[in-house]
Every structure is written in C-alpha cells, then in structure tokens.
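Enquirer: Next up, structure36.csv (CSV, C-alpha atoms).
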chain,number,residue,atom,x,y,z
E,73,MET,CA,94.8,96.6,25.8
E,74,LYS,CA,94.6,95.6,29.4
E,75,LYS,CA,91.6,95.8,31.7
E,76,ARG,CA,91.4,95.6,35.6
E,77,MET,CA,89.8,92.5,37.0
E,78,ALA,CA,88.6,92.3,40.7
E,79,ALA,CA,88.1,88.9,42.3
E,80,LEU,CA,87.1,88.5,46.0
E,81,LEU,CA,89.6,86.1,47.6
E,82,ALA,CA,88.8,86.2,51.3
E,83,ALA,CA,91.4,83.6,52.2
E,84,LEU,CA,94.0,84.5,49.7
E,85,MET,CA,96.5,87.1,50.8
E,86,LEU,CA,99.1,87.0,48.0
E,87,PRO,CA,100.0,89.4,45.3
E,88,ALA,CA,100.1,87.2,42.2
E,89,CYS,CA,98.3,84.1,41.0
E,90,ALA,CA,98.2,81.6,38.1
E,91,LEU,CA,94.9,80.3,36.9
E,92,ALA,CA,94.7,76.5,36.4
E,93,ALA,CA,93.7,74.7,33.1
E,94,GLU,CA,95.4,76.9,30.5
E,95,THR,CA,98.0,78.6,32.7
E,96,ILE,CA,97.7,82.4,32.7
E,97,ARG,CA,100.1,84.5,34.7
E,98,ILE,CA,98.3,87.4,36.3
E,99,ASP,CA,100.1,89.9,38.6
E,100,GLY,CA,98.1,92.0,40.9
E,101,THR,CA,97.7,93.2,44.5
E,102,ILE,CA,95.4,92.3,47.3
E,103,GLU,CA,93.4,95.3,48.3
E,104,ALA,CA,91.0,96.1,51.1
E,105,VAL,CA,87.5,96.9,50.0
E,106,ARG,CA,86.7,98.4,53.4
E,107,THR,CA,89.2,99.7,56.0
E,108,GLN,CA,88.2,99.7,59.6
E,109,THR,CA,89.8,101.1,62.7
E,110,ILE,CA,90.7,99.6,66.1
E,111,ALA,CA,90.5,102.4,68.7
E,112,ALA,CA,91.8,102.5,72.3
E,113,PRO,CA,89.1,101.4,74.7
E,114,HIS,CA,90.5,103.6,77.4
E,115,SER,CA,93.4,105.9,78.2
E,116,GLY,CA,96.7,104.3,79.2
E,117,ARG,CA,100.2,103.4,78.2
E,118,VAL,CA,100.7,101.0,75.3
E,119,GLY,CA,102.7,97.9,76.3
E,120,ASP,CA,105.1,96.0,74.1
E,121,PHE,CA,103.5,94.2,71.2
E,122,ALA,CA,104.4,92.0,68.2
E,123,VAL,CA,101.6,92.7,65.7
E,124,ARG,CA,102.7,94.0,62.3
E,125,GLU,CA,101.2,95.3,59.1
E,126,GLY,CA,100.1,92.4,57.0
E,127,ASP,CA,99.4,89.9,59.9
E,128,VAL,CA,96.5,87.6,59.3
E,129,LEU,CA,94.7,87.3,62.6
E,130,SER,CA,91.6,85.6,64.1
E,131,ALA,CA,88.9,87.2,66.1
E,132,GLY,CA,90.0,87.6,69.7
E,133,ASP,CA,93.7,87.6,69.0
E,134,ALA,CA,95.5,90.1,71.2
E,135,LEU,CA,96.9,93.1,69.4
E,136,PHE,CA,98.0,95.4,72.3
E,137,THR,CA,97.8,95.9,76.0
E,138,LEU,CA,96.9,99.1,77.8
E,139,SER,CA,98.1,99.7,81.3
E,140,ALA,CA,95.7,100.5,84.2
E,141,GLU,CA,96.2,101.7,87.7
E,142,LYS,CA,96.4,98.7,90.1
E,143,ILE,CA,95.1,98.9,93.6
E,144,TYR,CA,96.8,96.6,96.1
E,145,ALA,CA,96.1,95.6,99.7
E,146,ASP,CA,98.1,97.8,102.2
E,147,PHE,CA,98.0,95.1,104.9
E,148,ASP,CA,97.0,91.5,105.7
E,149,GLY,CA,93.3,91.2,106.3
E,150,THR,CA,89.9,90.1,105.2
E,151,ILE,CA,87.7,91.7,102.5
E,152,THR,CA,84.4,92.4,104.2
E,153,GLY,CA,82.4,93.9,101.4
E,154,VAL,CA,82.8,94.3,97.7
E,155,PHE,CA,80.5,96.9,96.1
E,156,ALA,CA,82.2,97.6,92.8
E,157,GLN,CA,81.8,95.7,89.6
E,158,PRO,CA,83.7,96.0,86.2
E,159,GLY,CA,82.5,99.0,84.4
E,160,ASP,CA,81.4,100.9,87.5
E,161,SER,CA,82.3,104.6,88.1
E,162,THR,CA,84.3,104.7,91.3
E,163,ALA,CA,82.7,108.0,92.2
E,164,SER,CA,79.2,106.5,92.0
E,165,VAL,CA,80.1,103.5,94.1
E,166,GLN,CA,81.9,105.6,96.7
E,167,ASP,CA,79.1,108.1,96.9
E,168,ARG,CA,76.7,105.3,97.7
E,169,TYR,CA,78.9,102.9,99.9
E,170,GLY,CA,81.9,105.0,100.9
E,171,ALA,CA,84.4,102.7,99.2
E,172,LEU,CA,84.9,100.1,96.5
E,173,CYS,CA,85.3,97.5,99.2
E,174,TYR,CA,86.3,97.4,102.9
E,175,MET,CA,89.1,95.5,104.6
E,176,GLU,CA,89.4,94.3,108.2
E,177,ARG,CA,92.9,93.9,109.7
E,178,ASP,CA,93.9,90.6,111.1
E,179,THR,CA,94.6,92.7,114.2
E,180,LEU,CA,91.2,93.2,115.8
E,181,TYR,CA,92.1,95.7,118.6
E,182,THR,CA,94.1,98.8,119.3
E,183,ALA,CA,94.5,100.6,122.5
E,184,LYS,CA,94.8,104.4,123.2
E,185,CYS,CA,97.1,104.7,126.2
E,186,THR,CA,98.9,107.3,128.4
E,187,THR,CA,101.9,107.1,130.7
E,188,ALA,CA,99.7,108.1,133.6
E,189,GLY,CA,100.1,105.6,136.4
E,190,ALA,CA,103.5,104.4,135.1
E,191,ALA,CA,106.2,103.3,137.5
E,192,SER,CA,108.1,106.2,139.1
E,193,GLU,CA,111.5,105.6,137.4
E,194,ASN,CA,111.9,107.9,134.4
E,195,GLU,CA,112.5,105.0,131.9
E,196,TYR,CA,109.0,103.7,132.4
E,197,LYS,CA,107.6,107.1,131.4
E,198,ILE,CA,109.3,106.9,128.0
E,199,VAL,CA,107.7,104.6,125.5
E,200,HIS,CA,109.3,103.6,122.2
E,201,VAL,CA,107.6,102.9,118.9
E,202,GLY,CA,107.9,99.3,118.0
E,203,GLU,CA,108.5,97.9,121.5
E,204,LYS,CA,106.6,94.8,122.6
E,205,VAL,CA,104.4,95.3,125.7
E,206,PHE,CA,102.0,93.3,127.8
E,207,ILE,CA,98.4,94.3,128.8
E,208,ARG,CA,96.0,93.2,131.5
E,209,SER,CA,92.4,94.1,132.2
E,210,ASN,CA,91.8,96.3,135.2
E,211,SER,CA,88.7,94.3,136.1
E,212,ASN,CA,89.8,90.7,135.6
E,213,ASN,CA,93.4,89.6,135.9
E,214,ASN,CA,92.8,86.6,133.7
E,215,ARG,CA,92.1,88.8,130.6
E,216,ILE,CA,95.6,89.5,129.3
E,217,GLY,CA,97.4,90.1,126.0
E,218,GLU,CA,100.4,91.3,124.1
E,219,ALA,CA,100.8,94.4,122.0
E,220,ILE,CA,103.2,96.6,120.0
E,221,VAL,CA,103.6,100.3,120.3
E,222,THR,CA,102.7,101.8,116.9
E,223,SER,CA,102.8,105.6,117.7
E,224,VAL,CA,103.9,108.0,120.4
E,225,GLU,CA,103.0,111.6,121.0
E,226,GLY,CA,104.1,113.1,124.2
E,227,LYS,CA,102.6,111.2,127.1
E,228,ASN,CA,100.2,109.4,124.8
E,229,TYR,CA,100.8,106.3,122.7
E,230,THR,CA,98.9,103.7,120.6
E,231,LEU,CA,99.1,100.0,120.8
E,232,GLU,CA,98.3,97.3,118.3
E,233,VAL,CA,97.0,94.2,120.1
E,234,THR,CA,98.8,91.2,118.6
E,235,MET,CA,97.7,88.4,121.0
E,236,PHE,CA,94.9,88.3,123.6
E,237,ASP,CA,93.0,86.1,126.0
E,238,ASP,CA,89.4,87.3,126.3
E,239,ILE,CA,90.3,91.0,126.1
E,240,ARG,CA,87.1,92.9,125.2
E,241,VAL,CA,86.2,96.1,123.4
E,242,ASN,CA,86.3,99.1,125.7
E,243,GLU,CA,88.2,97.2,128.3
E,244,GLU,CA,90.3,99.4,130.6
E,245,ILE,CA,93.8,98.0,130.7
E,246,ASN,CA,97.2,98.5,132.4
E,247,VAL,CA,100.3,98.2,130.2
E,248,TYR,CA,103.6,96.6,131.4
E,249,ARG,CA,107.0,95.8,130.0
E,250,ASP,CA,107.3,92.5,131.9
E,251,ASN,CA,105.0,89.6,131.2
E,252,ARG,CA,104.7,88.9,134.9
E,253,TYR,CA,102.8,92.2,135.2
E,254,TYR,CA,104.9,93.6,138.0
E,255,SER,CA,103.8,97.0,139.1
E,256,SER,CA,107.4,98.1,138.8
E,257,SER,CA,107.3,97.5,135.0
E,258,ARG,CA,104.1,99.4,134.4
E,259,ILE,CA,104.3,102.0,131.7
E,260,GLY,CA,100.7,103.3,131.7
E,261,GLU,CA,97.1,102.6,131.1
E,262,GLY,CA,94.5,102.8,128.4
E,263,THR,CA,91.3,101.6,126.7
E,264,VAL,CA,90.9,98.8,124.1
E,265,ARG,CA,89.2,99.8,120.9
E,266,ARG,CA,88.0,97.7,117.9
E,267,VAL,CA,90.0,98.3,114.7
E,268,ASP,CA,87.5,99.8,112.2
E,269,PRO,CA,87.3,98.4,108.7
E,270,ILE,CA,89.2,100.5,106.2
E,271,GLY,CA,87.7,101.5,102.9
E,272,VAL,CA,89.5,101.0,99.6
E,273,THR,CA,89.0,104.0,97.2
E,274,ALA,CA,90.2,105.1,93.8
E,275,GLU,CA,89.4,107.5,91.0
E,276,GLY,CA,88.2,106.4,87.5
E,277,TYR,CA,86.3,103.4,86.3
E,278,VAL,CA,86.7,99.8,87.4
E,279,ARG,CA,88.3,97.6,84.7
E,280,ALA,CA,88.7,94.5,86.8
E,281,VAL,CA,87.8,93.2,90.3
E,282,HIS,CA,90.2,90.6,91.8
E,283,VAL,CA,88.6,90.0,95.2
E,284,GLN,CA,85.4,88.8,96.7
E,285,ASP,CA,83.5,89.2,100.0
E,286,GLY,CA,85.1,87.2,102.8
E,287,GLN,CA,88.4,86.7,101.0
E,288,LYS,CA,91.7,86.6,102.9
E,289,VAL,CA,94.4,88.8,101.4
E,290,LYS,CA,98.0,89.6,102.0
E,291,ARG,CA,99.7,92.9,101.9
E,292,GLY,CA,100.5,93.5,98.2
E,293,ASP,CA,97.7,91.4,96.8
E,294,LEU,CA,95.9,92.9,93.8
E,295,LEU,CA,92.4,94.2,94.6
E,296,PHE,CA,91.2,96.3,91.6
E,297,GLU,CA,92.3,97.6,88.2
E,298,ILE,CA,91.2,101.2,87.5
E,299,VAL,CA,91.2,103.2,84.2
E,300,PRO,CA,90.5,106.9,83.8
E,301,ASP,CA,87.7,106.5,81.2
E,302,ALA,CA,84.3,104.8,81.0
E,303,LEU,CA,84.5,101.4,79.3
E,304,ASP,CA,82.1,101.0,76.4
E,305,GLY,CA,80.6,97.6,76.8
E,306,LEU,CA,83.6,96.6,78.9
E,307,ARG,CA,85.8,96.4,75.9
E,308,GLY,CA,89.3,95.5,76.9
E,309,SER,CA,88.3,94.7,80.4
E,310,ASP,CA,91.2,92.2,80.7
E,311,GLY,CA,93.7,94.7,79.6
E,312,SER,CA,94.0,93.5,76.0
E,313,VAL,CA,92.9,95.2,72.8
E,314,THR,CA,91.9,92.4,70.5
E,315,MET,CA,91.1,91.7,66.9
E,316,PRO,CA,87.3,92.0,66.6
E,317,VAL,CA,86.9,89.7,63.6
E,318,ASP,CA,89.0,87.4,61.3
E,319,GLY,CA,91.0,89.8,59.2
E,320,VAL,CA,94.3,91.4,58.1
E,321,VAL,CA,96.1,94.2,59.8
E,322,LEU,CA,96.6,97.0,57.3
E,323,SER,CA,98.5,99.4,59.5
E,324,VAL,CA,99.8,99.7,63.1
E,325,LEU,CA,99.4,103.3,64.4
E,326,ALA,CA,100.2,102.8,68.1
E,327,GLN,CA,103.8,102.7,69.5
E,328,SER,CA,105.1,100.7,72.5
E,329,GLY,CA,105.4,102.9,75.6
E,330,GLU,CA,103.3,105.8,74.4
E,331,GLU,CA,100.5,107.3,76.3
E,332,ILE,CA,97.3,107.0,74.3
E,333,ALA,CA,93.9,108.5,74.8
E,334,LYS,CA,90.6,106.8,74.7
E,335,ASP,CA,89.2,106.3,71.1
E,336,GLN,CA,92.6,107.2,69.6
E,337,PRO,CA,93.3,104.9,66.6
E,338,MET,CA,95.7,102.1,67.3
E,339,ALA,CA,95.5,100.1,64.1
E,340,THR,CA,93.5,99.6,60.9
E,341,TYR,CA,92.3,96.3,59.5
E,342,CYS,CA,90.1,94.7,56.9
E,343,GLU,CA,87.9,91.7,57.3
E,344,LYS,CA,89.0,88.7,55.3
E,345,GLN,CA,85.7,88.7,53.4
E,346,ASP,CA,86.4,92.3,52.4
E,347,MET,CA,89.8,91.5,50.6
E,348,GLN,CA,90.0,91.4,46.9
E,349,LEU,CA,92.7,90.7,44.4
E,350,VAL,CA,92.9,93.4,41.7
E,351,CYS,CA,94.8,92.4,38.6
E,352,PRO,CA,95.4,94.0,35.1
E,353,ALA,CA,94.8,91.4,32.4
E,354,ASP,CA,95.2,91.3,28.7
E,355,GLU,CA,91.9,91.6,27.0
E,356,GLU,CA,92.4,88.3,25.0
E,357,ASP,CA,93.0,86.5,28.3
E,358,LEU,CA,89.6,87.5,29.7
E,359,ALA,CA,87.8,84.9,27.6
E,360,ARG,CA,89.8,82.2,29.3
E,361,ILE,CA,89.1,83.5,32.8
E,362,GLN,CA,85.9,82.2,34.3
E,363,VAL,CA,84.2,82.7,37.6
E,364,GLY,CA,85.2,79.8,39.8
E,365,SER,CA,88.6,79.2,38.2
E,366,ARG,CA,91.1,78.0,40.7
E,367,ALA,CA,94.1,80.3,41.3
E,368,ARG,CA,97.6,79.5,42.7
E,369,ALA,CA,99.6,82.2,44.4
E,370,PRO,CA,103.4,81.8,44.6
E,371,ARG,CA,104.6,84.4,47.0
E,372,ALA,CA,103.3,86.4,49.9
E,373,ALA,CA,103.1,90.2,50.5
E,374,PRO,CA,101.0,92.4,52.8
E,375,PRO,CA,97.7,93.7,51.4
E,376,ARG,CA,97.1,97.4,51.0
E,377,ALA,CA,94.1,99.6,51.6
E,378,SER,CA,92.3,100.5,48.4
E,379,THR,CA,92.2,104.1,47.4
What do you get writing this file as structure tokens?

Expert:
Amino acid sequence: MKKRMAALLAALMLPACALAAETIRIDGTIEAVRTQTIAAPHSGRVGDFAVREGDVLSAGDALFTLSAEKIYADFDGTITGVFAQPGDSTASVQDRYGALCYMERDTLYTAKCTTAGAASENEYKIVHVGEKVFIRSNSNNNRIGEAIVTSVEGKNYTLEVTMFDDIRVNEEINVYRDNRYYSSSRIGEGTVRRVDPIGVTAEGYVRAVHVQDGQKVKRGDLLFEIVPDALDGLRGSDGSVTMPVDGVVLSVLAQSGEEIAKDQPMATYCEKQDMQLVCPADEEDLARIQVGSRARAPRAAPPRAST
C-alpha cells in the first residue's frame, strides 16, 4: 500500500529525490500550495519577453514590458514649469495649471507684418515662406535683427526673429531684403511680439516624467510617458511588470504584441516558500523517512499548480 507524503521544499524545484542514509527512491512532483496572479498595472501593448513556465525568479526581476504613449518635445527650447508628477491624472493637472508643463522656444520674438509701405516694384510686395529678411526699429536705427518668414496670408505675413540687437517687445519695425536696409529693398512693416510659452498636454495618467524646470531640451527629446489608466501605487511606473517576490512562474498568460487591459492576468506564480514536493511512498518506507532527512534531486522539471 502507498500513501502520499507532502514535504515543503522551498528551494527544491525538482520532481524526484533520494533520501540519504538508507537510500530510498521516491518519485513525486513539485506542487504549488498557493497560486497567485500577476495582473497588468495598466492598459498597453505587451513587448517581447523571455519569461517561461517553470522559471525560478527573484523579487524585482522583469517579466514583461507594457507600452505607454510617449510625449516628445516639438521644438528646441526650455522647460519653464513642470506641474505633473508620476501617478497624476493629466485632466486634473491641466484643469489646474493648463498643461503638464510649459516650453519656451529658443526664439524669443515673432513679428506680425504687412506689405504696406513696401517698395513699389511688384517683387517686393510678394513675400515667400522661408526667406531670410532683415528688420530695423522705426525709432532707433541701431536696433536691428534677422528673421525668417514663417507664414504668408495675402498681404500679411509672420516672422520668426532669429538674431537681434536690442530689439524690444512691441517694437515697430521695417522689414528689408537687404542687410544694408535700403528703402528700395523694403518689403513691409510690422510689430515685434514675444513668443508665448507653449503648454504640453496629454490624456491619461502620468507614468514617468523625464524633464525638470529650467531644463534645455531639443526637438524629439522625451518629456512624459502617459498611460490610459490610473496606476495603483505607481506599479510598473518604469514600464516593467516585475516579479513581486522570490518564486516560480507557473504559467504565462500574456502574449508578445497583444493589447492588454488593466488588471488582466499576465502570469501566475507561487512563492518559493509555498512549494511542496508531493510523493507516493511505500508504507514500509515511511518508518525510514524522518523530518529533516536530506534529499537529493537528480533532474529538473517545472512545478505545477496543485488541484
């Protein structure tokens, strides 16, 4: 007659063992006393991963990655205010401050201009987007600068001031095609305006903030990572779904490339301390098996969840 014997072997993840002293061969299976689930901390697309059923992992080991929307800088500039922190609702931050942060362009001034007062030749009344022009104050000939035409609408056009010498906000200027400011090269007049800071906005919840107040950024630099769902205790805030404790992966439920919802199961596991070796043993062998007997396991196999 055989009876089932259960022994807790938290560090032993093998299917068969031999007890020392008088050698007894006992075949059995490692079983999970308690199965736990790892759920997606937020919605997203599952990245490639290497974790497999039966892997023995430590707390903090990465299991999966979940994608997030990445917010990048649209232009070179300076971050002038960061109001969002990881875990914040973007709607709440934007209701209060208008944006997650603000950016100021390296270009400080623009100018709203018109072809009024341009030289009489027709070519000076036609302005082209992208052309370089020269500006000079109406009130002080020493205040000069350079600019690029950024938009044209009929007789009106907009300049981005790229270089300047003491040009001031609300300065009335004349615009020329020649850097010697000949009246015969004049293409219009306008008013200098300060470039307003531009707010950075998004929808969802802030997973990560990559900038700080006063930081210089280039176009394409990463500013924020945003997820669609609230983060519980900021789990997965670096984009990784990790093993919460030392344990064994019992099953992998997620698939690379799939869209997954928040709280959807991604894997199951068992803590090492909750693993047990279950073996059928001959009744006459039980007398020779004692608590504390050392066991030797010859081959590996993944554990299975107990039923």

Enquirer: Please build the interface table for range 177-271 of chain E against range 135-155 of chain E with a cut-off of 9 Å, listing for each qualifying residue the nearest atom pair and the distance in Å to one decimal; count only C-alpha atoms, order rows by chain and increasing number, and write it as a tab-separated table.

Expert:
residue	atom	partner	partner_atom	distance
E:Arg177	CA	E:Gly149	CA	4.4
E:Asp178	CA	E:Gly149	CA	4.9
E:Thr179	CA	E:Gly149	CA	8.1
E:Pro269	CA	E:Thr152	CA	8.0

Enquirer: Would you compute the distance between CA of Phe296 in chain E and CA of Gln166 in chain E? Give it in Å to one decimal.

Expert: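 Between CA of Phe296 in chain E and CA of Gln166 in chain E the gap works out to 14.1 Å.
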
Enquirer: Can you check which parts of range 117-219 of chain E lie within 6 Å of range 275-283 of chain E? Per residue, the shortest pair of atoms and distance in Å to one decimal, counting all atoms listed in the file, sorted by chain and number, as a tab-separated table.

Expert:
residue	atom	partner	partner_atom	distance
E:Pro158	CA	E:Val278	CA	5.0
E:Gly159	CA	E:Val278	CA	5.2
E:Asp160	CA	E:Val278	CA	5.4
E:Ser161	CA	E:Tyr277	CA	4.5
E:Thr162	CA	E:Tyr277	CA	5.5

Enquirer: Keeping C-alpha atoms for every residue in the selection just given, could you write it to a file as a PDB file, in the coordinates of the input?

Expert:
ATOM      1  CA  PRO E 158      83.700  96.000  86.200  1.00  0.00           C
ATOM      2  CA  GLY E 159      82.500  99.000  84.400  1.00  0.00           C
ATOM      3  CA  ASP E 160      81.400 100.900  87.500  1.00  0.00           C
ATOM      4  CA  SER E 161      82.300 104.600  88.100  1.00  0.00           C
ATOM      5  CA  THR E 162      84.300 104.700  91.300  1.00  0.00           C
TER       6      THR E 162
END

Enquirer: Looking at all atoms listed in the file, which of E:Arg249, E:Arg258, E:Lys184, E:Arg208 is the one that sits closest to Thr230 in chain E?

Expert: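 Comparing E:Arg249, E:Arg258, E:Lys184, E:Arg208 against Thr230 in chain E, the winner is E:Lys184.
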
Enquirer: Counting only C-alpha atoms, what is within 12 Å of Phe206 in chain E, bar same-chain residues fewer than 6 positions away, as a compact mmCIF listing (two decimals) with C-alpha atoms, in the frame of the given file?

Expert:
# COMPACT_ATOMS: atom_id res chain seq x y z
CA ALA E 183 94.50 100.60 122.50
CA ARG E 215 92.10 88.80 130.60
CA ILE E 216 95.60 89.50 129.30
CA GLY E 217 97.40 90.10 126.00
CA GLU E 218 100.40 91.30 124.10
CA ALA E 219 100.80 94.40 122.00
CA ILE E 220 103.20 96.60 120.00
CA VAL E 221 103.60 100.30 120.30
CA LEU E 231 99.10 100.00 120.80
CA GLU E 232 98.30 97.30 118.30
CA VAL E 233 97.00 94.20 120.10
CA THR E 234 98.80 91.20 118.60
CA MET E 235 97.70 88.40 121.00
CA PHE E 236 94.90 88.30 123.60
CA ASP E 237 93.00 86.10 126.00
CA ILE E 245 93.80 98.00 130.70
CA ASN E 246 97.20 98.50 132.40
CA VAL E 247 100.30 98.20 130.20
CA TYR E 248 103.60 96.60 131.40
CA ARG E 249 107.00 95.80 130.00
CA ASP E 250 107.30 92.50 131.90
CA ASN E 251 105.00 89.60 131.20
CA ARG E 252 104.70 88.90 134.90
CA TYR E 253 102.80 92.20 135.20
CA TYR E 254 104.90 93.60 138.00
CA SER E 257 107.30 97.50 135.00
CA ARG E 258 104.10 99.40 134.40
CA ILE E 259 104.30 102.00 131.70
CA GLY E 260 100.70 103.30 131.70
CA GLU E 261 97.10 102.60 131.10

Enquirer: Excluding Leu129 in chain E and residues on its chain fewer than 4 positions from it, collect all residues at most 9 Å away from it, counting all atoms listed in the file, and give them as an NGL selection string.

Expert: :E and (133 or 315 or 317-321)

Enquirer: Do a neighbour search on Leu322 in chain E at 6 Å with all atoms listed in the file, toss out local chain neighbours closer than 4 positions, and write the hits as a ChimeraX atom specification.

Expert: /E:125-126,340-341

Enquirer: Please save C-alpha atoms of the selected residues as a PDB file, keeping the file's coordinate frame.

Expert:
ATOM      1  CA  GLU E 125     101.200  95.300  59.100  1.00  0.00           C
ATOM      2  CA  GLY E 126     100.100  92.400  57.000  1.00  0.00           C
ATOM      3  CA  THR E 340      93.500  99.600  60.900  1.00  0.00           C
ATOM      4  CA  TYR E 341      92.300  96.300  59.500  1.00  0.00           C
TER       5      TYR E 341
END
